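Asks: Here you go, coords14.cif (mmCIF, N, CA and C atoms and all ligand atoms):
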data_target
#
loop_
_atom_site.group_PDB
_atom_site.id
_atom_site.type_symbol
_atom_site.label_atom_id
_atom_site.label_comp_id
_atom_site.auth_asym_id
_atom_site.auth_seq_id
_atom_site.Cartn_x
_atom_site.Cartn_y
_atom_site.Cartn_z
ATOM 1 N N MET A 1 -7.682 20.253 -5.788
ATOM 2 C CA MET A 1 -7.289 18.861 -6.028
ATOM 3 C C MET A 1 -8.427 18.114 -6.736
ATOM 4 N N PRO A 2 -8.103 17.388 -7.806
ATOM 5 C CA PRO A 2 -9.171 16.687 -8.520
ATOM 6 C C PRO A 2 -9.797 15.619 -7.643
ATOM 7 N N GLN A 3 -11.074 15.470 -7.750
ATOM 8 C CA GLN A 3 -11.762 14.500 -6.906
ATOM 9 C C GLN A 3 -11.470 13.090 -7.363
ATOM 10 N N GLY A 4 -11.469 12.178 -6.395
ATOM 11 C CA GLY A 4 -11.265 10.782 -6.708
ATOM 12 C C GLY A 4 -9.813 10.436 -6.942
ATOM 13 N N LYS A 5 -8.939 11.398 -6.792
ATOM 14 C CA LYS A 5 -7.520 11.109 -6.967
ATOM 15 C C LYS A 5 -6.835 11.196 -5.615
ATOM 16 N N MET A 6 -6.361 10.047 -5.161
ATOM 17 C CA MET A 6 -5.733 9.988 -3.858
ATOM 18 C C MET A 6 -4.282 10.411 -3.970
ATOM 19 N N ARG A 7 -3.880 11.330 -3.095
ATOM 20 C CA ARG A 7 -2.465 11.703 -3.132
ATOM 21 C C ARG A 7 -1.654 10.849 -2.172
ATOM 22 N N ILE A 8 -2.354 10.076 -1.328
ATOM 23 C CA ILE A 8 -1.681 9.149 -0.416
ATOM 24 C C ILE A 8 -2.007 7.734 -0.851
ATOM 25 N N ARG A 9 -0.996 6.891 -0.891
ATOM 26 C CA ARG A 9 -1.194 5.529 -1.368
ATOM 27 C C ARG A 9 -0.694 4.506 -0.358
ATOM 28 N N THR A 10 -1.106 3.277 -0.571
ATOM 29 C CA THR A 10 -0.639 2.176 0.265
ATOM 30 C C THR A 10 0.889 2.117 0.230
ATOM 31 N N GLY A 11 1.489 1.965 1.405
ATOM 32 C CA GLY A 11 2.944 1.876 1.482
ATOM 33 C C GLY A 11 3.623 3.215 1.738
ATOM 34 N N ASP A 12 2.852 4.307 1.620
ATOM 35 C CA ASP A 12 3.418 5.629 1.896
ATOM 36 C C ASP A 12 3.731 5.772 3.381
ATOM 37 N N ARG A 13 4.708 6.628 3.659
ATOM 38 C CA ARG A 13 5.024 6.973 5.035
ATOM 39 C C ARG A 13 4.374 8.327 5.294
ATOM 40 N N VAL A 14 3.531 8.384 6.319
ATOM 41 C CA VAL A 14 2.801 9.624 6.562
ATOM 42 C C VAL A 14 2.852 10.033 8.029
ATOM 43 N N GLN A 15 2.607 11.322 8.242
ATOM 44 C CA GLN A 15 2.507 11.851 9.605
ATOM 45 C C GLN A 15 1.086 12.340 9.819
ATOM 46 N N ILE A 16 0.534 12.016 10.988
ATOM 47 C CA ILE A 16 -0.798 12.502 11.346
ATOM 48 C C ILE A 16 -0.663 13.908 11.925
ATOM 49 N N VAL A 17 -1.529 14.824 11.494
ATOM 50 C CA VAL A 17 -1.384 16.215 11.934
ATOM 51 C C VAL A 17 -2.475 16.656 12.910
ATOM 52 N N VAL A 18 -3.399 15.778 13.240
ATOM 53 C CA VAL A 18 -4.427 16.120 14.223
ATOM 54 C C VAL A 18 -4.660 14.962 15.194
ATOM 55 N N GLY A 19 -5.341 15.260 16.277
ATOM 56 C CA GLY A 19 -5.791 14.216 17.193
ATOM 57 C C GLY A 19 -4.730 13.729 18.150
ATOM 58 N N LYS A 20 -5.050 12.622 18.807
ATOM 59 C CA LYS A 20 -4.179 12.136 19.876
ATOM 60 C C LYS A 20 -2.842 11.616 19.367
ATOM 61 N N ASP A 21 -2.798 11.246 18.079
ATOM 62 C CA ASP A 21 -1.544 10.757 17.503
ATOM 63 C C ASP A 21 -0.825 11.820 16.684
ATOM 64 N N LYS A 22 -1.218 13.079 16.911
ATOM 65 C CA LYS A 22 -0.605 14.194 16.191
ATOM 66 C C LYS A 22 0.919 14.121 16.224
ATOM 67 N N GLY A 23 1.542 14.218 15.050
ATOM 68 C CA GLY A 23 2.996 14.211 14.986
ATOM 69 C C GLY A 23 3.608 12.832 14.801
ATOM 70 N N LYS A 24 2.787 11.798 14.971
ATOM 71 C CA LYS A 24 3.329 10.446 14.834
ATOM 72 C C LYS A 24 3.377 10.021 13.365
ATOM 73 N N VAL A 25 4.334 9.162 13.080
ATOM 74 C CA VAL A 25 4.571 8.736 11.705
ATOM 75 C C VAL A 25 4.327 7.235 11.575
ATOM 76 N N GLY A 26 3.728 6.836 10.474
ATOM 77 C CA GLY A 26 3.507 5.410 10.239
ATOM 78 C C GLY A 26 3.330 5.119 8.759
ATOM 79 N N ASN A 27 3.274 3.829 8.454
ATOM 80 C CA ASN A 27 3.102 3.409 7.064
ATOM 81 C C ASN A 27 1.634 3.155 6.753
ATOM 82 N N VAL A 28 1.236 3.542 5.560
ATOM 83 C CA VAL A 28 -0.149 3.332 5.141
ATOM 84 C C VAL A 28 -0.341 1.855 4.787
ATOM 85 N N LEU A 29 -1.267 1.218 5.520
ATOM 86 C CA LEU A 29 -1.553 -0.190 5.281
ATOM 87 C C LEU A 29 -2.551 -0.362 4.149
ATOM 88 N N ARG A 30 -3.527 0.537 4.116
ATOM 89 C CA ARG A 30 -4.598 0.442 3.117
ATOM 90 C C ARG A 30 -5.087 1.834 2.793
ATOM 91 N N SER A 31 -5.454 2.069 1.548
ATOM 92 C CA SER A 31 -6.104 3.328 1.216
ATOM 93 C C SER A 31 -7.543 3.036 0.822
ATOM 94 N N LEU A 32 -8.423 3.942 1.214
ATOM 95 C CA LEU A 32 -9.850 3.801 0.928
ATOM 96 C C LEU A 32 -10.266 4.985 0.065
ATOM 97 N N PRO A 33 -9.985 4.908 -1.251
ATOM 98 C CA PRO A 33 -10.188 6.071 -2.129
ATOM 99 C C PRO A 33 -11.623 6.602 -2.110
ATOM 100 N N ARG A 34 -12.591 5.719 -1.950
ATOM 101 C CA ARG A 34 -13.981 6.171 -1.983
ATOM 102 C C ARG A 34 -14.291 7.097 -0.813
ATOM 103 N N GLU A 35 -13.641 6.834 0.314
ATOM 104 C CA GLU A 35 -13.857 7.665 1.498
ATOM 105 C C GLU A 35 -12.765 8.703 1.678
ATOM 106 N N ASN A 36 -11.761 8.664 0.801
ATOM 107 C CA ASN A 36 -10.620 9.556 0.939
ATOM 108 C C ASN A 36 -9.928 9.371 2.276
ATOM 109 N N ARG A 37 -9.848 8.132 2.708
ATOM 110 C CA ARG A 37 -9.231 7.843 3.988
ATOM 111 C C ARG A 37 -8.150 6.788 3.826
ATOM 112 N N VAL A 38 -7.253 6.772 4.804
ATOM 113 C CA VAL A 38 -6.202 5.756 4.803
ATOM 114 C C VAL A 38 -6.121 5.112 6.176
ATOM 115 N N ILE A 39 -5.672 3.860 6.192
ATOM 116 C CA ILE A 39 -5.436 3.160 7.448
ATOM 117 C C ILE A 39 -3.931 3.098 7.644
ATOM 118 N N ILE A 40 -3.484 3.623 8.783
ATOM 119 C CA ILE A 40 -2.048 3.723 9.045
ATOM 120 C C ILE A 40 -1.658 2.748 10.145
ATOM 121 N N GLU A 41 -0.594 2.010 9.872
ATOM 122 C CA GLU A 41 -0.113 0.992 10.802
ATOM 123 C C GLU A 41 0.146 1.579 12.192
ATOM 124 N N GLY A 42 -0.562 1.066 13.189
ATOM 125 C CA GLY A 42 -0.297 1.433 14.581
ATOM 126 C C GLY A 42 -0.768 2.813 15.007
ATOM 127 N N LEU A 43 -1.452 3.540 14.111
ATOM 128 C CA LEU A 43 -1.898 4.893 14.459
ATOM 129 C C LEU A 43 -3.415 5.005 14.427
ATOM 130 N N ASN A 44 -3.915 5.974 15.205
ATOM 131 C CA ASN A 44 -5.356 6.192 15.344
ATOM 132 C C ASN A 44 -6.057 4.898 15.762
ATOM 133 N N MET A 45 -5.444 4.233 16.745
ATOM 134 C CA MET A 45 -5.980 2.954 17.200
ATOM 135 C C MET A 45 -7.279 3.162 17.961
ATOM 136 N N VAL A 46 -8.226 2.277 17.708
ATOM 137 C CA VAL A 46 -9.467 2.290 18.467
ATOM 138 C C VAL A 46 -9.725 0.896 19.024
ATOM 139 N N SER A 47 -10.367 0.881 20.184
ATOM 140 C CA SER A 47 -10.715 -0.398 20.790
ATOM 141 C C SER A 47 -12.063 -0.839 20.268
ATOM 142 N N LYS A 48 -12.129 -2.081 19.888
ATOM 143 C CA LYS A 48 -13.401 -2.604 19.406
ATOM 144 C C LYS A 48 -13.712 -3.902 20.121
ATOM 145 N N HIS A 49 -14.990 -4.058 20.377
ATOM 146 C CA HIS A 49 -15.400 -5.325 20.969
ATOM 147 C C HIS A 49 -15.426 -6.382 19.892
ATOM 148 N N GLN A 50 -14.813 -7.479 20.199
ATOM 149 C CA GLN A 50 -14.751 -8.565 19.233
ATOM 150 C C GLN A 50 -15.456 -9.760 19.826
ATOM 151 N N ARG A 51 -16.436 -10.240 19.098
ATOM 152 C CA ARG A 51 -17.098 -11.437 19.606
ATOM 153 C C ARG A 51 -16.213 -12.640 19.365
ATOM 154 N N ALA A 52 -16.384 -13.614 20.211
ATOM 155 C CA ALA A 52 -15.640 -14.856 20.033
ATOM 156 C C ALA A 52 -15.992 -15.453 18.677
ATOM 157 N N SER A 53 -14.990 -15.860 17.960
ATOM 158 C CA SER A 53 -15.222 -16.457 16.651
ATOM 159 C C SER A 53 -14.308 -17.652 16.500
ATOM 160 N N ARG A 54 -14.356 -18.264 15.332
ATOM 161 C CA ARG A 54 -13.492 -19.410 15.117
ATOM 162 C C ARG A 54 -12.015 -18.972 15.176
ATOM 163 N N GLN A 55 -11.737 -17.769 14.651
ATOM 164 C CA GLN A 55 -10.353 -17.285 14.661
ATOM 165 C C GLN A 55 -9.935 -16.844 16.059
ATOM 166 N N MET A 56 -10.856 -16.174 16.741
ATOM 167 C CA MET A 56 -10.536 -15.669 18.076
ATOM 168 C C MET A 56 -11.434 -16.354 19.084
ATOM 169 N N MET A 57 -10.879 -17.342 19.742
ATOM 170 C CA MET A 57 -11.684 -18.138 20.648
ATOM 171 C C MET A 57 -12.221 -17.314 21.808
ATOM 172 N N GLN A 58 -11.450 -16.339 22.220
ATOM 173 C CA GLN A 58 -11.805 -15.623 23.445
ATOM 174 C C GLN A 58 -12.725 -14.441 23.246
ATOM 175 N N GLY A 59 -12.562 -13.715 22.140
ATOM 176 C CA GLY A 59 -13.325 -12.491 21.981
ATOM 177 C C GLY A 59 -12.749 -11.435 22.882
ATOM 178 N N GLY A 60 -13.537 -10.394 23.200
ATOM 179 C CA GLY A 60 -13.027 -9.350 24.078
ATOM 180 C C GLY A 60 -12.715 -8.092 23.298
ATOM 181 N N ILE A 61 -11.850 -7.250 23.863
ATOM 182 C CA ILE A 61 -11.558 -5.976 23.227
ATOM 183 C C ILE A 61 -10.262 -6.066 22.440
ATOM 184 N N ILE A 62 -10.329 -5.682 21.185
ATOM 185 C CA ILE A 62 -9.106 -5.657 20.382
ATOM 186 C C ILE A 62 -8.852 -4.223 19.922
ATOM 187 N N GLU A 63 -7.588 -3.922 19.703
ATOM 188 C CA GLU A 63 -7.220 -2.608 19.186
ATOM 189 C C GLU A 63 -6.929 -2.723 17.708
ATOM 190 N N GLN A 64 -7.479 -1.803 16.935
ATOM 191 C CA GLN A 64 -7.150 -1.814 15.520
ATOM 192 C C GLN A 64 -7.114 -0.391 14.984
ATOM 193 N N PRO A 65 -6.310 -0.163 13.917
ATOM 194 C CA PRO A 65 -6.223 1.196 13.385
ATOM 195 C C PRO A 65 -7.514 1.601 12.688
ATOM 196 N N SER A 66 -7.945 2.819 12.960
ATOM 197 C CA SER A 66 -9.157 3.341 12.365
ATOM 198 C C SER A 66 -8.769 4.283 11.219
ATOM 199 N N PRO A 67 -9.583 4.333 10.145
ATOM 200 C CA PRO A 67 -9.208 5.167 8.995
ATOM 201 C C PRO A 67 -9.078 6.649 9.341
ATOM 202 N N VAL A 68 -8.110 7.306 8.715
ATOM 203 C CA VAL A 68 -7.853 8.732 8.914
ATOM 204 C C VAL A 68 -8.071 9.435 7.576
ATOM 205 N N HIS A 69 -8.743 10.590 7.608
ATOM 206 C CA HIS A 69 -8.968 11.328 6.372
ATOM 207 C C HIS A 69 -7.635 11.846 5.823
ATOM 208 N N VAL A 70 -7.477 11.777 4.498
ATOM 209 C CA VAL A 70 -6.184 12.163 3.906
ATOM 210 C C VAL A 70 -5.821 13.619 4.177
ATOM 211 N N SER A 71 -6.832 14.461 4.450
ATOM 212 C CA SER A 71 -6.512 15.864 4.741
ATOM 213 C C SER A 71 -5.841 16.006 6.104
ATOM 214 N N ASN A 72 -5.861 14.942 6.895
ATOM 215 C CA ASN A 72 -5.259 14.980 8.220
ATOM 216 C C ASN A 72 -3.893 14.321 8.282
ATOM 217 N N VAL A 73 -3.366 13.960 7.126
ATOM 218 C CA VAL A 73 -2.030 13.377 7.104
ATOM 219 C C VAL A 73 -1.148 14.110 6.098
ATOM 220 N N LYS A 74 0.161 14.049 6.378
ATOM 221 C CA LYS A 74 1.139 14.628 5.461
ATOM 222 C C LYS A 74 2.092 13.529 5.026
ATOM 223 N N LEU A 75 2.469 13.570 3.777
ATOM 224 C CA LEU A 75 3.414 12.600 3.269
ATOM 225 C C LEU A 75 4.810 12.904 3.823
ATOM 226 N N VAL A 76 5.478 11.862 4.311
ATOM 227 C CA VAL A 76 6.825 12.020 4.840
ATOM 228 C C VAL A 76 7.827 11.526 3.794
ATOM 229 N N CYS A 77 8.787 12.371 3.479
ATOM 230 C CA CYS A 77 9.844 11.993 2.530
ATOM 231 C C CYS A 77 10.837 11.101 3.254
ATOM 232 N N ARG A 78 11.133 9.927 2.664
ATOM 233 C CA ARG A 78 12.073 9.002 3.306
ATOM 234 C C ARG A 78 13.491 9.556 3.286
ATOM 235 N N ASN A 79 13.752 10.415 2.344
ATOM 236 C CA ASN A 79 15.077 11.006 2.232
ATOM 237 C C ASN A 79 15.267 12.131 3.259
ATOM 238 N N CYS A 80 14.296 13.025 3.359
ATOM 239 C CA CYS A 80 14.367 14.143 4.318
ATOM 240 C C CYS A 80 13.982 13.698 5.723
ATOM 241 N N ASP A 81 13.205 12.606 5.813
ATOM 242 C CA ASP A 81 12.681 12.115 7.075
ATOM 243 C C ASP A 81 11.817 13.154 7.784
ATOM 244 N N ARG A 82 11.026 13.875 7.024
ATOM 245 C CA ARG A 82 10.060 14.801 7.610
ATOM 246 C C ARG A 82 8.937 15.054 6.607
ATOM 247 N N PRO A 83 7.792 15.583 7.105
ATOM 248 C CA PRO A 83 6.688 15.848 6.187
ATOM 249 C C PRO A 83 7.061 16.922 5.175
ATOM 250 N N VAL A 84 6.722 16.687 3.938
ATOM 251 C CA VAL A 84 7.125 17.610 2.880
ATOM 252 C C VAL A 84 5.970 17.853 1.913
ATOM 253 N N ARG A 85 6.139 18.902 1.127
ATOM 254 C CA ARG A 85 5.216 19.137 0.022
ATOM 255 C C ARG A 85 5.711 18.332 -1.171
ATOM 256 N N THR A 86 4.772 17.839 -1.937
ATOM 257 C CA THR A 86 5.168 17.020 -3.079
ATOM 258 C C THR A 86 4.606 17.589 -4.373
ATOM 259 N N GLY A 87 5.283 17.276 -5.442
ATOM 260 C CA GLY A 87 4.801 17.608 -6.770
ATOM 261 C C GLY A 87 4.771 16.338 -7.587
ATOM 262 N N SER A 88 4.339 16.429 -8.829
ATOM 263 C CA SER A 88 4.406 15.248 -9.671
ATOM 264 C C SER A 88 5.071 15.594 -10.994
ATOM 265 N N ARG A 89 5.803 14.640 -11.498
ATOM 266 C CA ARG A 89 6.492 14.851 -12.772
ATOM 267 C C ARG A 89 6.532 13.536 -13.540
ATOM 268 N N THR A 90 6.802 13.645 -14.815
ATOM 269 C CA THR A 90 6.819 12.473 -15.679
ATOM 270 C C THR A 90 8.260 12.092 -15.993
ATOM 271 N N LEU A 91 8.583 10.827 -15.748
ATOM 272 C CA LEU A 91 9.927 10.331 -16.026
ATOM 273 C C LEU A 91 10.097 10.122 -17.529
ATOM 274 N N SER A 92 11.352 9.918 -17.964
ATOM 275 C CA SER A 92 11.613 9.697 -19.385
ATOM 276 C C SER A 92 10.917 8.427 -19.878
ATOM 277 N N SER A 93 10.641 7.497 -18.923
ATOM 278 C CA SER A 93 9.930 6.267 -19.280
ATOM 279 C C SER A 93 8.441 6.520 -19.503
ATOM 280 N N GLY A 94 7.977 7.734 -19.159
ATOM 281 C CA GLY A 94 6.564 8.053 -19.322
ATOM 282 C C GLY A 94 5.769 7.844 -18.049
ATOM 283 N N ARG A 95 6.419 7.261 -17.046
ATOM 284 C CA ARG A 95 5.733 7.007 -15.779
ATOM 285 C C ARG A 95 5.646 8.298 -14.967
ATOM 286 N N LYS A 96 4.480 8.508 -14.351
ATOM 287 C CA LYS A 96 4.291 9.686 -13.502
ATOM 288 C C LYS A 96 4.666 9.347 -12.068
ATOM 289 N N VAL A 97 5.486 10.168 -11.475
ATOM 290 C CA VAL A 97 5.877 9.919 -10.092
ATOM 291 C C VAL A 97 5.702 11.184 -9.262
ATOM 292 N N ARG A 98 5.588 10.981 -7.961
ATOM 293 C CA ARG A 98 5.578 12.128 -7.044
ATOM 294 C C ARG A 98 7.011 12.398 -6.603
ATOM 295 N N TYR A 99 7.334 13.628 -6.384
ATOM 296 C CA TYR A 99 8.670 13.950 -5.896
ATOM 297 C C TYR A 99 8.567 14.931 -4.735
ATOM 298 N N CYS A 100 9.644 14.945 -3.955
ATOM 299 C CA CYS A 100 9.715 15.796 -2.776
ATOM 300 C C CYS A 100 10.157 17.193 -3.201
ATOM 301 N N LYS A 101 9.381 18.204 -2.814
ATOM 302 C CA LYS A 101 9.736 19.565 -3.208
ATOM 303 C C LYS A 101 10.873 20.117 -2.360
ATOM 304 N N ASN A 102 11.236 19.375 -1.314
ATOM 305 C CA ASN A 102 12.326 19.817 -0.453
ATOM 306 C C ASN A 102 13.687 19.351 -0.972
ATOM 307 N N CYS A 103 13.816 18.034 -1.222
ATOM 308 C CA CYS A 103 15.114 17.492 -1.634
ATOM 309 C C CYS A 103 15.140 17.071 -3.096
ATOM 310 N N ASP A 104 13.982 17.123 -3.761
ATOM 311 C CA ASP A 104 13.891 16.790 -5.188
ATOM 312 C C ASP A 104 14.005 15.289 -5.480
ATOM 313 N N GLU A 105 14.013 14.451 -4.442
ATOM 314 C CA GLU A 105 14.033 13.007 -4.664
ATOM 315 C C GLU A 105 12.655 12.516 -5.092
ATOM 316 N N ASN A 106 12.619 11.506 -5.941
ATOM 317 C CA ASN A 106 11.347 10.886 -6.280
ATOM 318 C C ASN A 106 10.822 10.106 -5.090
ATOM 319 N N ILE A 107 9.540 10.216 -4.829
ATOM 320 C CA ILE A 107 8.933 9.483 -3.729
ATOM 321 C C ILE A 107 8.472 8.112 -4.222
ATOM 322 N N ASP A 108 7.969 8.056 -5.431
ATOM 323 C CA ASP A 108 7.601 6.766 -6.021
ATOM 324 C C ASP A 108 8.812 6.171 -6.702
ATOM 325 N N ARG A 109 9.008 4.872 -6.466
ATOM 326 C CA ARG A 109 10.161 4.198 -7.090
ATOM 327 C C ARG A 109 9.766 3.683 -8.449
HETATM 328 ZN ZN ZN B 1 12.798 14.958 0.563
#
Rewrite the coordinates I just gave you, this time as structure tokens.
Ligand SMILES: [Zn+2]
Replies:
Amino acid sequence: MPQGKMRIRTGDRVQIVVGKDKGKVGNVLRSLPRENRVIIEGLNMVSKHQRASRQMMQGGIIEQPSPVHVSNVKLVCRNCDRPVRTGSRTLSSGRKVRYCKNCDENIDR
């Protein structure tokens, strides 16, 4: 895989394949291409101490999703509703999209 090219993007539906959330599916909230990591909504949650601030009067422990390395997630096809292998192809418009190798549906709209 070429370096610096993320195969997982913001808005993707992915499944975590390792750790305590193994098998769980969620949407990618943010991608961190420099670290090759993604933040997935509601998954790989970690507790962090939060100091009282103007936004949070109380402070205390908050839960937030921690970044997951892209090698630990699989892209889930919305059509198949399961993790799939993907390929990429060029549409007649010239746009490059990823597609599901299982059902042949385009993953990028
Ligand atoms: Zn599919």
Asks: Could the residues that lie within 5 Å of ligand ZN 1 (chain B), counting only N, CA and C atoms and all ligand atoms, be listed as JSON, numbers by chain?
Replies: {"A": [77, 79, 80, 100, 102, 103, 104]}
Asks: Counting only C-alpha atoms, what is within 12 Å of Asp21 of chain A, bar same-chain residues fewer than 3 positions away, as a list in words?
Replies: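 In the requested format, the answer is Val14, Gln15, Ile16, Val17, Val18, Lys24, Val25, Gly26, Ile40, Glu41, Gly42, Leu43, Asn44, Met45, Val46, Pro65, Ser66, Val68, Asn72 and Val73 of chain A.
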Asks: When DSSP works through the backbone of this structure, what residues of chain A end up as strand (DSSP E), shown as number ranges by chain?
Replies: A: 13-16, 25-32, 37-40, 45-50, 60-65, 68-69, 73-77, 82-83, 86-90, 96-100
Asks: May I ask for the distance between atom N of Ser47 of chain A and atom CA of Ile61 of chain A, given in Å to one decimal place?
Replies: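 Atom CA of Ile61 of chain A lies at a distance of 7.6 Å from atom N of Ser47 of chain A.
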Asks: Pick out the residues sitting within 12 Å of Arg95 of chain A, and hand them over as number ranges by chain; count only C-alpha atoms, and ignore anything fewer than 5 positions along from it in its own chain.
Replies: A: 88-90, 106, 108-109
Asks: Evaluated on this file, the PyMOL selection byres (((chain A and resi 70) around 8) and not hetatm) picks out some residues - which ones are they, written as a list in words?
Replies: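 When the PyMOL selection byres (((chain A and resi 70) around 8) and not hetatm) is applied to the shown file, the picked residues are Arg7, Ile8, Glu35, Asn36, Arg37, Val38, Pro67, Val68, His69, Ser71, Asn72, Val73 and Lys74 of chain A.
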Asks: Give the answer as one residue: which of A:Glu63, A:Ile107, A:Thr10, A:Tyr99 has the shortest atom-to-atom distance to Val28 of chain A, using all atoms listed in the file?
Replies: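 That would be A:Thr10, the residue with the smallest distance to Val28 of chain A.
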Asks: What separation in Å, quoted to one decimal, exists between atom CA of Arg34 of chain A and atom CA of Asp12 of chain A?
Replies: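 So the answer is 17.8 Å.
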Asks: Find the distance between atom N of Lys101 of chain A and atom N of Val84 of chain A and write it in Å to one decimal.
Replies: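 Computing it gives 7.4 Å between the two atoms.
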Asks: Is it possible to get the axis-aligned box enclosing segment 80-86 of chain A (all listed atoms, 8 Å extra per side) as AutoDock Vina command-line options, with centre and edge lengths in Å rounded to one decimal?
Replies:
--center_x 9.5 --center_y 15.6 --center_z 1.7 --size_x 25.8 --size_y 23.0 --size_z 28.2
Asks: Name the closest residue to Arg30 of chain A among the candidates A:Lys48, A:Arg54, A:Gly11, A:Gly59; distances are taken between atoms, counting only C-alpha atoms.
Replies: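 Residue with the minimum atom-to-atom distance to Arg30 of chain A: A:Gly11.
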Asks: As a VMD selection string, please: the residues near Gly60 of chain A (cut-off 5 Å, all atoms listed in the file, same-chain neighbours under 2 positions excluded).
Replies: chain A and resid 49 to 50 58 62
